[in-house]
Structure formats: C-alpha cells, structure tokens
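What's in upload_35.cif: mmCIF, N, CA and C atoms
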```
data_target
#
loop_
_atom_site.group_PDB
_atom_site.id
_atom_site.type_symbol
_atom_site.label_atom_id
_atom_site.label_comp_id
_atom_site.auth_asym_id
_atom_site.auth_seq_id
_atom_site.Cartn_x
_atom_site.Cartn_y
_atom_site.Cartn_z
ATOM 1 N N MET Y 1 0.856 -1.183 0.000
ATOM 2 C CA MET Y 1 0.000 0.000 0.000
ATOM 3 C C MET Y 1 0.896 1.238 0.000
ATOM 4 N N LEU Y 2 0.404 2.249 -0.563
ATOM 5 C CA LEU Y 2 1.086 3.530 -0.674
ATOM 6 C C LEU Y 2 1.339 4.136 0.703
ATOM 7 N N ASN Y 3 2.517 4.690 0.911
ATOM 8 C CA ASN Y 3 2.834 5.333 2.185
ATOM 9 C C ASN Y 3 2.794 6.844 2.007
ATOM 10 N N LEU Y 4 1.676 7.446 2.383
ATOM 11 C CA LEU Y 4 1.565 8.899 2.321
ATOM 12 C C LEU Y 4 1.889 9.535 3.661
ATOM 13 N N GLU Y 5 2.366 8.761 4.602
ATOM 14 C CA GLU Y 5 2.735 9.289 5.908
ATOM 15 C C GLU Y 5 3.886 10.298 5.791
ATOM 16 N N LEU Y 6 4.645 10.232 4.702
ATOM 17 C CA LEU Y 6 5.736 11.183 4.517
ATOM 18 C C LEU Y 6 5.237 12.623 4.475
ATOM 19 N N GLN Y 7 3.966 12.832 4.237
ATOM 20 C CA GLN Y 7 3.422 14.187 4.202
ATOM 21 C C GLN Y 7 3.428 14.829 5.584
ATOM 22 N N ASN Y 8 3.561 14.050 6.635
ATOM 23 C CA ASN Y 8 3.442 14.559 7.997
ATOM 24 C C ASN Y 8 4.793 15.010 8.556
ATOM 25 N N TYR Y 9 5.478 15.868 7.853
ATOM 26 C CA TYR Y 9 6.747 16.385 8.345
ATOM 27 C C TYR Y 9 6.480 17.495 9.361
ATOM 28 N N ILE Y 10 7.431 17.666 10.303
ATOM 29 C CA ILE Y 10 7.244 18.682 11.350
ATOM 30 C C ILE Y 10 8.141 19.897 11.149
ATOM 31 N N ASP Y 11 9.201 19.736 10.366
ATOM 32 C CA ASP Y 11 10.104 20.859 10.099
ATOM 33 C C ASP Y 11 10.750 20.650 8.741
ATOM 34 N N TRP Y 12 11.272 21.705 8.165
ATOM 35 C CA TRP Y 12 11.895 21.619 6.851
ATOM 36 C C TRP Y 12 13.014 22.645 6.719
ATOM 37 N N ASP Y 13 13.910 22.364 5.764
ATOM 38 C CA ASP Y 13 15.019 23.267 5.461
ATOM 39 C C ASP Y 13 15.311 23.146 3.975
ATOM 40 N N VAL Y 14 15.428 24.272 3.299
ATOM 41 C CA VAL Y 14 15.768 24.274 1.878
ATOM 42 C C VAL Y 14 17.181 24.826 1.757
ATOM 43 N N LYS Y 15 18.071 23.992 1.274
ATOM 44 C CA LYS Y 15 19.486 24.363 1.155
ATOM 45 C C LYS Y 15 19.687 25.311 -0.033
ATOM 46 N N PRO Y 16 20.761 26.099 0.007
ATOM 47 C CA PRO Y 16 21.037 27.037 -1.096
ATOM 48 C C PRO Y 16 21.363 26.322 -2.413
ATOM 49 N N VAL Y 17 21.173 27.038 -3.487
ATOM 50 C CA VAL Y 17 21.509 26.541 -4.822
ATOM 51 C C VAL Y 17 23.018 26.482 -4.956
ATOM 52 N N PHE Y 18 23.500 25.400 -5.582
ATOM 53 C CA PHE Y 18 24.927 25.304 -5.875
ATOM 54 C C PHE Y 18 25.101 24.604 -7.224
ATOM 55 N N LYS Y 19 26.295 24.728 -7.768
ATOM 56 C CA LYS Y 19 26.575 24.148 -9.077
ATOM 57 C C LYS Y 19 27.324 22.837 -8.885
ATOM 58 N N ARG Y 20 26.800 21.777 -9.509
ATOM 59 C CA ARG Y 20 27.490 20.484 -9.468
ATOM 60 C C ARG Y 20 28.591 20.514 -10.514
ATOM 61 N N SER Y 21 29.792 20.314 -10.058
ATOM 62 C CA SER Y 21 30.926 20.393 -10.977
ATOM 63 C C SER Y 21 30.972 19.216 -11.941
ATOM 64 N N ASP Y 22 30.458 18.071 -11.525
ATOM 65 C CA ASP Y 22 30.525 16.893 -12.394
ATOM 66 C C ASP Y 22 29.524 16.946 -13.554
ATOM 67 N N ARG Y 23 28.458 17.722 -13.420
ATOM 68 C CA ARG Y 23 27.441 17.784 -14.476
ATOM 69 C C ARG Y 23 27.240 19.188 -15.024
ATOM 70 N N ASN Y 24 27.876 20.166 -14.400
ATOM 71 C CA ASN Y 24 27.780 21.547 -14.833
ATOM 72 C C ASN Y 24 26.323 22.046 -14.830
ATOM 73 N N LYS Y 25 25.556 21.597 -13.830
ATOM 74 C CA LYS Y 25 24.161 22.002 -13.662
ATOM 75 C C LYS Y 25 23.972 22.518 -12.239
ATOM 76 N N PHE Y 26 22.867 23.234 -12.023
ATOM 77 C CA PHE Y 26 22.568 23.782 -10.699
ATOM 78 C C PHE Y 26 21.573 22.883 -9.976
ATOM 79 N N VAL Y 27 21.733 22.803 -8.651
ATOM 80 C CA VAL Y 27 20.892 21.943 -7.821
ATOM 81 C C VAL Y 27 20.590 22.628 -6.491
ATOM 82 N N TYR Y 28 19.578 22.122 -5.802
ATOM 83 C CA TYR Y 28 19.316 22.489 -4.407
ATOM 84 C C TYR Y 28 18.665 21.291 -3.730
ATOM 85 N N ARG Y 29 18.657 21.288 -2.406
ATOM 86 C CA ARG Y 29 18.095 20.173 -1.650
ATOM 87 C C ARG Y 29 17.013 20.661 -0.688
ATOM 88 N N VAL Y 30 16.014 19.815 -0.495
ATOM 89 C CA VAL Y 30 14.968 20.040 0.497
ATOM 90 C C VAL Y 30 15.117 18.928 1.539
ATOM 91 N N VAL Y 31 15.235 19.328 2.810
ATOM 92 C CA VAL Y 31 15.372 18.367 3.898
ATOM 93 C C VAL Y 31 14.140 18.481 4.788
ATOM 94 N N LEU Y 32 13.428 17.365 4.940
ATOM 95 C CA LEU Y 32 12.239 17.322 5.784
ATOM 96 C C LEU Y 32 12.553 16.522 7.041
ATOM 97 N N GLN Y 33 12.069 16.998 8.172
ATOM 98 C CA GLN Y 33 12.262 16.280 9.433
ATOM 99 C C GLN Y 33 10.905 15.823 9.951
ATOM 100 N N PHE Y 34 10.873 14.596 10.491
ATOM 101 C CA PHE Y 34 9.645 13.992 10.974
ATOM 102 C C PHE Y 34 9.675 13.861 12.491
ATOM 103 N N ALA Y 35 8.514 13.628 13.076
ATOM 104 C CA ALA Y 35 8.370 13.580 14.536
ATOM 105 C C ALA Y 35 9.263 12.523 15.178
ATOM 106 N N ASP Y 36 9.532 11.437 14.474
ATOM 107 C CA ASP Y 36 10.364 10.377 15.052
ATOM 108 C C ASP Y 36 11.863 10.671 14.928
ATOM 109 N N GLY Y 37 12.210 11.849 14.422
ATOM 110 C CA GLY Y 37 13.612 12.251 14.313
ATOM 111 C C GLY Y 37 14.262 11.929 12.982
ATOM 112 N N THR Y 38 13.589 11.187 12.127
ATOM 113 C CA THR Y 38 14.165 10.852 10.828
ATOM 114 C C THR Y 38 14.094 12.050 9.892
ATOM 115 N N LYS Y 39 14.976 12.021 8.905
ATOM 116 C CA LYS Y 39 15.017 13.082 7.897
ATOM 117 C C LYS Y 39 14.909 12.469 6.511
ATOM 118 N N HIS Y 40 14.313 13.212 5.613
ATOM 119 C CA HIS Y 40 14.144 12.798 4.229
ATOM 120 C C HIS Y 40 14.697 13.936 3.365
ATOM 121 N N THR Y 41 15.707 13.635 2.558
ATOM 122 C CA THR Y 41 16.327 14.651 1.707
ATOM 123 C C THR Y 41 15.990 14.374 0.255
ATOM 124 N N ARG Y 42 15.608 15.413 -0.449
ATOM 125 C CA ARG Y 42 15.331 15.297 -1.870
ATOM 126 C C ARG Y 42 16.139 16.353 -2.608
ATOM 127 N N MET Y 43 16.823 15.927 -3.650
ATOM 128 C CA MET Y 43 17.634 16.848 -4.439
ATOM 129 C C MET Y 43 16.896 17.168 -5.734
ATOM 130 N N TYR Y 44 16.814 18.446 -6.046
ATOM 131 C CA TYR Y 44 16.250 18.914 -7.310
ATOM 132 C C TYR Y 44 17.420 19.384 -8.157
ATOM 133 N N SER Y 45 17.591 18.769 -9.316
ATOM 134 C CA SER Y 45 18.783 19.059 -10.107
ATOM 135 C C SER Y 45 18.439 19.211 -11.581
ATOM 136 N N GLY Y 46 19.472 19.516 -12.358
ATOM 137 C CA GLY Y 46 19.328 19.610 -13.805
ATOM 138 C C GLY Y 46 18.989 20.996 -14.312
ATOM 139 N N PHE Y 47 19.100 22.005 -13.468
ATOM 140 C CA PHE Y 47 18.786 23.366 -13.900
ATOM 141 C C PHE Y 47 19.952 23.933 -14.711
ATOM 142 N N GLU Y 48 19.634 24.464 -15.869
ATOM 143 C CA GLU Y 48 20.659 25.013 -16.758
ATOM 144 C C GLU Y 48 21.241 26.325 -16.222
ATOM 145 N N THR Y 49 20.404 27.118 -15.555
ATOM 146 C CA THR Y 49 20.875 28.400 -15.034
ATOM 147 C C THR Y 49 20.597 28.493 -13.537
ATOM 148 N N LYS Y 50 21.352 29.340 -12.877
ATOM 149 C CA LYS Y 50 21.155 29.545 -11.449
ATOM 150 C C LYS Y 50 19.804 30.201 -11.184
ATOM 151 N N LYS Y 51 19.369 31.081 -12.082
ATOM 152 C CA LYS Y 51 18.077 31.750 -11.907
ATOM 153 C C LYS Y 51 16.927 30.754 -11.910
ATOM 154 N N ARG Y 52 16.954 29.790 -12.818
ATOM 155 C CA ARG Y 52 15.888 28.777 -12.851
ATOM 156 C C ARG Y 52 15.891 27.936 -11.575
ATOM 157 N N ALA Y 53 17.068 27.607 -11.094
ATOM 158 C CA ALA Y 53 17.172 26.843 -9.847
ATOM 159 C C ALA Y 53 16.643 27.671 -8.683
ATOM 160 N N GLU Y 54 16.992 28.949 -8.632
ATOM 161 C CA GLU Y 54 16.517 29.832 -7.559
ATOM 162 C C GLU Y 54 14.996 29.991 -7.611
ATOM 163 N N ASP Y 55 14.438 30.108 -8.821
ATOM 164 C CA ASP Y 55 12.988 30.231 -8.962
ATOM 165 C C ASP Y 55 12.288 28.972 -8.454
ATOM 166 N N SER Y 56 12.818 27.817 -8.792
ATOM 167 C CA SER Y 56 12.249 26.557 -8.328
ATOM 168 C C SER Y 56 12.383 26.428 -6.813
ATOM 169 N N ARG Y 57 13.515 26.855 -6.290
ATOM 170 C CA ARG Y 57 13.758 26.816 -4.838
ATOM 171 C C ARG Y 57 12.744 27.701 -4.108
ATOM 172 N N LYS Y 58 12.512 28.898 -4.645
ATOM 173 C CA LYS Y 58 11.533 29.815 -4.038
ATOM 174 C C LYS Y 58 10.127 29.208 -4.064
ATOM 175 N N ALA Y 59 9.782 28.538 -5.151
ATOM 176 C CA ALA Y 59 8.476 27.883 -5.253
ATOM 177 C C ALA Y 59 8.359 26.761 -4.214
ATOM 178 N N ALA Y 60 9.436 26.016 -4.005
ATOM 179 C CA ALA Y 60 9.427 24.946 -3.000
ATOM 180 C C ALA Y 60 9.261 25.525 -1.599
ATOM 181 N N ILE Y 61 9.949 26.625 -1.319
ATOM 182 C CA ILE Y 61 9.820 27.277 -0.008
ATOM 183 C C ILE Y 61 8.374 27.748 0.197
ATOM 184 N N GLY Y 62 7.777 28.333 -0.823
ATOM 185 C CA GLY Y 62 6.386 28.766 -0.733
ATOM 186 C C GLY Y 62 5.440 27.602 -0.472
ATOM 187 N N ALA Y 63 5.639 26.494 -1.178
ATOM 188 C CA ALA Y 63 4.784 25.316 -0.980
ATOM 189 C C ALA Y 63 4.965 24.740 0.420
ATOM 190 N N LEU Y 64 6.193 24.729 0.917
ATOM 191 C CA LEU Y 64 6.442 24.231 2.273
ATOM 192 C C LEU Y 64 5.785 25.137 3.310
ATOM 193 N N ALA Y 65 5.894 26.431 3.115
ATOM 194 C CA ALA Y 65 5.309 27.388 4.059
ATOM 195 C C ALA Y 65 3.778 27.318 4.060
ATOM 196 N N ASN Y 66 3.186 27.026 2.891
ATOM 197 C CA ASN Y 66 1.722 26.947 2.770
ATOM 198 C C ASN Y 66 1.164 25.573 3.103
ATOM 199 N N GLY Y 67 2.056 24.586 3.263
ATOM 200 C CA GLY Y 67 1.597 23.227 3.530
ATOM 201 C C GLY Y 67 1.119 22.488 2.300
ATOM 202 N N THR Y 68 1.540 22.944 1.112
ATOM 203 C CA THR Y 68 1.112 22.303 -0.130
ATOM 204 C C THR Y 68 2.240 21.565 -0.838
ATOM 205 N N TYR Y 69 3.369 21.416 -0.171
ATOM 206 C CA TYR Y 69 4.521 20.722 -0.762
ATOM 207 C C TYR Y 69 4.177 19.244 -0.946
ATOM 208 N N VAL Y 70 4.451 18.703 -2.116
ATOM 209 C CA VAL Y 70 4.150 17.306 -2.425
ATOM 210 C C VAL Y 70 5.430 16.492 -2.392
ATOM 211 N N ILE Y 71 5.445 15.501 -1.511
ATOM 212 C CA ILE Y 71 6.618 14.640 -1.402
ATOM 213 C C ILE Y 71 6.546 13.510 -2.417
ATOM 214 N N ASN Y 72 5.411 12.858 -2.481
ATOM 215 C CA ASN Y 72 5.226 11.707 -3.368
ATOM 216 C C ASN Y 72 4.693 12.172 -4.715
ATOM 217 N N ASP Y 73 5.586 12.605 -5.597
ATOM 218 C CA ASP Y 73 5.111 13.102 -6.885
ATOM 219 C C ASP Y 73 5.131 12.036 -7.976
ATOM 220 N N ASN Y 74 5.505 10.806 -7.632
ATOM 221 C CA ASN Y 74 5.489 9.705 -8.601
ATOM 222 C C ASN Y 74 4.432 8.671 -8.238
ATOM 223 N N VAL Y 75 3.342 9.101 -7.657
ATOM 224 C CA VAL Y 75 2.284 8.208 -7.212
ATOM 225 C C VAL Y 75 1.339 7.907 -8.375
ATOM 226 N N LYS Y 76 1.034 6.637 -8.559
ATOM 227 C CA LYS Y 76 0.063 6.253 -9.580
ATOM 228 C C LYS Y 76 -1.334 6.554 -9.065
ATOM 229 N N VAL Y 77 -2.227 6.911 -9.962
ATOM 230 C CA VAL Y 77 -3.600 7.241 -9.589
ATOM 231 C C VAL Y 77 -4.241 6.056 -8.866
ATOM 232 N N LYS Y 78 -4.018 4.857 -9.354
ATOM 233 C CA LYS Y 78 -4.584 3.653 -8.732
ATOM 234 C C LYS Y 78 -4.143 3.542 -7.274
ATOM 235 N N ASP Y 79 -2.856 3.746 -7.008
ATOM 236 C CA ASP Y 79 -2.344 3.650 -5.638
ATOM 237 C C ASP Y 79 -2.934 4.736 -4.747
ATOM 238 N N PHE Y 80 -3.029 5.949 -5.274
ATOM 239 C CA PHE Y 80 -3.595 7.031 -4.482
ATOM 240 C C PHE Y 80 -5.062 6.771 -4.157
ATOM 241 N N LEU Y 81 -5.833 6.325 -5.144
ATOM 242 C CA LEU Y 81 -7.257 6.088 -4.908
ATOM 243 C C LEU Y 81 -7.488 4.978 -3.892
ATOM 244 N N GLU Y 82 -6.668 3.929 -3.937
ATOM 245 C CA GLU Y 82 -6.777 2.865 -2.931
ATOM 246 C C GLU Y 82 -6.478 3.420 -1.542
ATOM 247 N N TYR Y 83 -5.458 4.231 -1.430
ATOM 248 C CA TYR Y 83 -5.114 4.852 -0.144
ATOM 249 C C TYR Y 83 -6.248 5.767 0.319
ATOM 250 N N TRP Y 84 -6.749 6.587 -0.586
ATOM 251 C CA TRP Y 84 -7.816 7.531 -0.273
ATOM 252 C C TRP Y 84 -9.068 6.810 0.226
ATOM 253 N N LEU Y 85 -9.452 5.748 -0.473
ATOM 254 C CA LEU Y 85 -10.631 4.988 -0.044
ATOM 255 C C LEU Y 85 -10.439 4.395 1.352
ATOM 256 N N GLU Y 86 -9.295 3.822 1.593
ATOM 257 C CA GLU Y 86 -9.058 3.127 2.860
ATOM 258 C C GLU Y 86 -8.874 4.082 4.034
ATOM 259 N N TYR Y 87 -8.116 5.156 3.846
ATOM 260 C CA TYR Y 87 -7.742 6.015 4.970
ATOM 261 C C TYR Y 87 -8.500 7.333 5.066
ATOM 262 N N ASP Y 88 -9.331 7.627 4.106
ATOM 263 C CA ASP Y 88 -10.120 8.853 4.172
ATOM 264 C C ASP Y 88 -11.613 8.537 4.117
ATOM 265 N N ILE Y 89 -12.046 7.901 3.059
ATOM 266 C CA ILE Y 89 -13.469 7.622 2.874
ATOM 267 C C ILE Y 89 -13.987 6.620 3.906
ATOM 268 N N ARG Y 90 -13.223 5.579 4.213
ATOM 269 C CA ARG Y 90 -13.667 4.592 5.201
ATOM 270 C C ARG Y 90 -13.923 5.260 6.562
ATOM 271 N N ILE Y 91 -13.085 6.238 6.913
ATOM 272 C CA ILE Y 91 -13.248 6.945 8.189
ATOM 273 C C ILE Y 91 -14.498 7.815 8.166
ATOM 274 N N ARG Y 92 -14.774 8.445 7.034
ATOM 275 C CA ARG Y 92 -15.927 9.350 6.931
ATOM 276 C C ARG Y 92 -17.256 8.631 6.735
ATOM 277 N N ALA Y 93 -17.194 7.444 6.137
ATOM 278 C CA ALA Y 93 -18.440 6.714 5.880
ATOM 279 C C ALA Y 93 -19.077 6.310 7.206
ATOM 280 N N GLN Y 94 -20.359 6.532 7.313
ATOM 281 C CA GLN Y 94 -21.068 6.230 8.551
ATOM 282 C C GLN Y 94 -21.374 4.745 8.720
ATOM 283 N N SER Y 95 -21.370 4.009 7.605
ATOM 284 C CA SER Y 95 -21.646 2.577 7.691
ATOM 285 C C SER Y 95 -20.853 1.858 6.599
ATOM 286 N N SER Y 96 -20.770 0.546 6.747
ATOM 287 C CA SER Y 96 -20.053 -0.231 5.732
ATOM 288 C C SER Y 96 -20.830 -0.236 4.416
ATOM 289 N N ASN Y 97 -22.157 -0.121 4.463
ATOM 290 C CA ASN Y 97 -22.947 -0.049 3.223
ATOM 291 C C ASN Y 97 -22.603 1.215 2.436
ATOM 292 N N THR Y 98 -22.445 2.337 3.135
ATOM 293 C CA THR Y 98 -22.077 3.586 2.482
ATOM 294 C C THR Y 98 -20.693 3.447 1.834
ATOM 295 N N TYR Y 99 -19.769 2.876 2.562
ATOM 296 C CA TYR Y 99 -18.415 2.697 2.042
ATOM 297 C C TYR Y 99 -18.443 1.774 0.818
ATOM 298 N N ASP Y 100 -19.170 0.677 0.903
ATOM 299 C CA ASP Y 100 -19.221 -0.282 -0.205
ATOM 300 C C ASP Y 100 -19.844 0.303 -1.460
ATOM 301 N N SER Y 101 -20.836 1.214 -1.295
ATOM 302 C CA SER Y 101 -21.429 1.792 -2.497
ATOM 303 C C SER Y 101 -20.547 2.844 -3.075
#
```
Re-express the file's structure as structure tokens.
Amino acid sequence: MLNLELQNYIDWDVKPVFKRSDRNKFVYRVVLQFADGTKHTRMYSGFETKKRAEDSRKAAIGALANGTYVINDNVKVKDFLEYWLEYDIRIRAQSSNTYDS
C-alpha cells in the first residue's frame, strides 16, 4: 500500500543553490524532518541556469510554508485512490454499506 505518511513532516530546510561540478548544472536540496527524528532529503537538479534553480527553490519554499509541498510526486492514480478509499473515505463513511457503495 502507498505510504503517504511522509506528508506529515514537522520541520523543513531548503538548502542554497549550488553548481554540481561533475554535471555543470545547478541543484538544491529540500530536507524534511519527521516527529520520530528521521530526515528525508530530496535533491532537485538539472537546472541550466542559477536563476531557474533559484525560482524553483523559491516555489518549494512557498509550498512548504503553505503546507502544499508534495513529497510523493510519482504516485500512480490507482495507488492514491486505494489509499484515499481506505484512509479517508472509510473513516468518513457512517456505515459499511455507504463505504461499499
């Protein structure tokens, strides 16, 4: 089953843009911290210019600040819908008949 628990981060840090010397591209990292003390780091890379990397970094900071940052961006619709039915709709449904329909 899909693990969307990664959405429940408690703190975040967006590292500055830097140039990777081995690929001659710009990158930045987003580090998320969770309640159990674990951290999840994601690198965004492949930017041709520093300005494009900075623009993307600013957008990530905005999404993190607004609570709209998406961690699982490679989720299949089928997996998401199964998760949604089980962990959202099942809780809201007042009876098993409602859930089944």
Translate the PyMOL selection byres (((chain Y and resi 61 and name CA) around 12) and name CA) into a concrete residue list for this structure, as a PDB file with N, CA and C atoms, in the coordinates of the input.
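Wrote expr.pdb, looks like this:
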```pdb
ATOM      1  N   ASP Y  11       9.201  19.736  10.366  1.00  0.00           N
ATOM      2  CA  ASP Y  11      10.104  20.859  10.099  1.00  0.00           C
ATOM      3  C   ASP Y  11      10.750  20.650   8.741  1.00  0.00           C
ATOM      4  N   TRP Y  12      11.272  21.705   8.165  1.00  0.00           N
ATOM      5  CA  TRP Y  12      11.895  21.619   6.851  1.00  0.00           C
ATOM      6  C   TRP Y  12      13.014  22.645   6.719  1.00  0.00           C
ATOM      7  N   ASP Y  13      13.910  22.364   5.764  1.00  0.00           N
ATOM      8  CA  ASP Y  13      15.019  23.267   5.461  1.00  0.00           C
ATOM      9  C   ASP Y  13      15.311  23.146   3.975  1.00  0.00           C
ATOM     10  N   VAL Y  14      15.428  24.272   3.299  1.00  0.00           N
ATOM     11  CA  VAL Y  14      15.768  24.274   1.878  1.00  0.00           C
ATOM     12  C   VAL Y  14      17.181  24.826   1.757  1.00  0.00           C
ATOM     13  N   LYS Y  15      18.071  23.992   1.274  1.00  0.00           N
ATOM     14  CA  LYS Y  15      19.486  24.363   1.155  1.00  0.00           C
ATOM     15  C   LYS Y  15      19.687  25.311  -0.033  1.00  0.00           C
ATOM     16  N   PRO Y  16      20.761  26.099   0.007  1.00  0.00           N
ATOM     17  CA  PRO Y  16      21.037  27.037  -1.096  1.00  0.00           C
ATOM     18  C   PRO Y  16      21.363  26.322  -2.413  1.00  0.00           C
ATOM     19  N   TYR Y  28      19.578  22.122  -5.802  1.00  0.00           N
ATOM     20  CA  TYR Y  28      19.316  22.489  -4.407  1.00  0.00           C
ATOM     21  C   TYR Y  28      18.665  21.291  -3.730  1.00  0.00           C
ATOM     22  N   ARG Y  29      18.657  21.288  -2.406  1.00  0.00           N
ATOM     23  CA  ARG Y  29      18.095  20.173  -1.650  1.00  0.00           C
ATOM     24  C   ARG Y  29      17.013  20.661  -0.688  1.00  0.00           C
ATOM     25  N   VAL Y  30      16.014  19.815  -0.495  1.00  0.00           N
ATOM     26  CA  VAL Y  30      14.968  20.040   0.497  1.00  0.00           C
ATOM     27  C   VAL Y  30      15.117  18.928   1.539  1.00  0.00           C
ATOM     28  N   VAL Y  31      15.235  19.328   2.810  1.00  0.00           N
ATOM     29  CA  VAL Y  31      15.372  18.367   3.898  1.00  0.00           C
ATOM     30  C   VAL Y  31      14.140  18.481   4.788  1.00  0.00           C
ATOM     31  N   LEU Y  32      13.428  17.365   4.940  1.00  0.00           N
ATOM     32  CA  LEU Y  32      12.239  17.322   5.784  1.00  0.00           C
ATOM     33  C   LEU Y  32      12.553  16.522   7.041  1.00  0.00           C
ATOM     34  N   GLU Y  54      16.992  28.949  -8.632  1.00  0.00           N
ATOM     35  CA  GLU Y  54      16.517  29.832  -7.559  1.00  0.00           C
ATOM     36  C   GLU Y  54      14.996  29.991  -7.611  1.00  0.00           C
ATOM     37  N   ASP Y  55      14.438  30.108  -8.821  1.00  0.00           N
ATOM     38  CA  ASP Y  55      12.988  30.231  -8.962  1.00  0.00           C
ATOM     39  C   ASP Y  55      12.288  28.972  -8.454  1.00  0.00           C
ATOM     40  N   SER Y  56      12.818  27.817  -8.792  1.00  0.00           N
ATOM     41  CA  SER Y  56      12.249  26.557  -8.328  1.00  0.00           C
ATOM     42  C   SER Y  56      12.383  26.428  -6.813  1.00  0.00           C
ATOM     43  N   ARG Y  57      13.515  26.855  -6.290  1.00  0.00           N
ATOM     44  CA  ARG Y  57      13.758  26.816  -4.838  1.00  0.00           C
ATOM     45  C   ARG Y  57      12.744  27.701  -4.108  1.00  0.00           C
ATOM     46  N   LYS Y  58      12.512  28.898  -4.645  1.00  0.00           N
ATOM     47  CA  LYS Y  58      11.533  29.815  -4.038  1.00  0.00           C
ATOM     48  C   LYS Y  58      10.127  29.208  -4.064  1.00  0.00           C
ATOM     49  N   ALA Y  59       9.782  28.538  -5.151  1.00  0.00           N
ATOM     50  CA  ALA Y  59       8.476  27.883  -5.253  1.00  0.00           C
ATOM     51  C   ALA Y  59       8.359  26.761  -4.214  1.00  0.00           C
ATOM     52  N   ALA Y  60       9.436  26.016  -4.005  1.00  0.00           N
ATOM     53  CA  ALA Y  60       9.427  24.946  -3.000  1.00  0.00           C
ATOM     54  C   ALA Y  60       9.261  25.525  -1.599  1.00  0.00           C
ATOM     55  N   GLY Y  62       7.777  28.333  -0.823  1.00  0.00           N
ATOM     56  CA  GLY Y  62       6.386  28.766  -0.733  1.00  0.00           C
ATOM     57  C   GLY Y  62       5.440  27.602  -0.472  1.00  0.00           C
ATOM     58  N   ALA Y  63       5.639  26.494  -1.178  1.00  0.00           N
ATOM     59  CA  ALA Y  63       4.784  25.316  -0.980  1.00  0.00           C
ATOM     60  C   ALA Y  63       4.965  24.740   0.420  1.00  0.00           C
ATOM     61  N   LEU Y  64       6.193  24.729   0.917  1.00  0.00           N
ATOM     62  CA  LEU Y  64       6.442  24.231   2.273  1.00  0.00           C
ATOM     63  C   LEU Y  64       5.785  25.137   3.310  1.00  0.00           C
ATOM     64  N   ALA Y  65       5.894  26.431   3.115  1.00  0.00           N
ATOM     65  CA  ALA Y  65       5.309  27.388   4.059  1.00  0.00           C
ATOM     66  C   ALA Y  65       3.778  27.318   4.060  1.00  0.00           C
ATOM     67  N   ASN Y  66       3.186  27.026   2.891  1.00  0.00           N
ATOM     68  CA  ASN Y  66       1.722  26.947   2.770  1.00  0.00           C
ATOM     69  C   ASN Y  66       1.164  25.573   3.103  1.00  0.00           C
ATOM     70  N   GLY Y  67       2.056  24.586   3.263  1.00  0.00           N
ATOM     71  CA  GLY Y  67       1.597  23.227   3.530  1.00  0.00           C
ATOM     72  C   GLY Y  67       1.119  22.488   2.300  1.00  0.00           C
ATOM     73  N   THR Y  68       1.540  22.944   1.112  1.00  0.00           N
ATOM     74  CA  THR Y  68       1.112  22.303  -0.130  1.00  0.00           C
ATOM     75  C   THR Y  68       2.240  21.565  -0.838  1.00  0.00           C
ATOM     76  N   TYR Y  69       3.369  21.416  -0.171  1.00  0.00           N
ATOM     77  CA  TYR Y  69       4.521  20.722  -0.762  1.00  0.00           C
ATOM     78  C   TYR Y  69       4.177  19.244  -0.946  1.00  0.00           C
ATOM     79  N   VAL Y  70       4.451  18.703  -2.116  1.00  0.00           N
ATOM     80  CA  VAL Y  70       4.150  17.306  -2.425  1.00  0.00           C
ATOM     81  C   VAL Y  70       5.430  16.492  -2.392  1.00  0.00           C
TER      82      VAL Y  70
END
```
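Here atom N of Ala53 (chain Y) stands at a distance of 6.6 Å from atom C of Phe26 (chain Y).
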Query raised in the report: So what do you get for CA of Ile10 (chain Y) versus CA of Phe34 (chain Y), distance-wise?
Result: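 According to the coordinates, CA of Ile10 (chain Y) and CA of Phe34 (chain Y) are separated by 5.3 Å.
As for atom C of Asn8 (chain Y) and CA of Tyr83 (chain Y), they are spaced 16.6 Å apart.
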Query - Members of chain Y assigned strand (DSSP E) by DSSP, as a list in words - result: Tyr9, Ile10, Asp11, Trp12, Asp13, Val14, Phe18, Lys19, Arg20, Lys25, Phe26, Val27, Tyr28, Arg29, Val30, Val31, Leu32, Gln33, Phe34, Lys39, His40, Thr41, Arg42, Met43, Tyr44, Ser45, Gly46 and Phe47 of chain Y
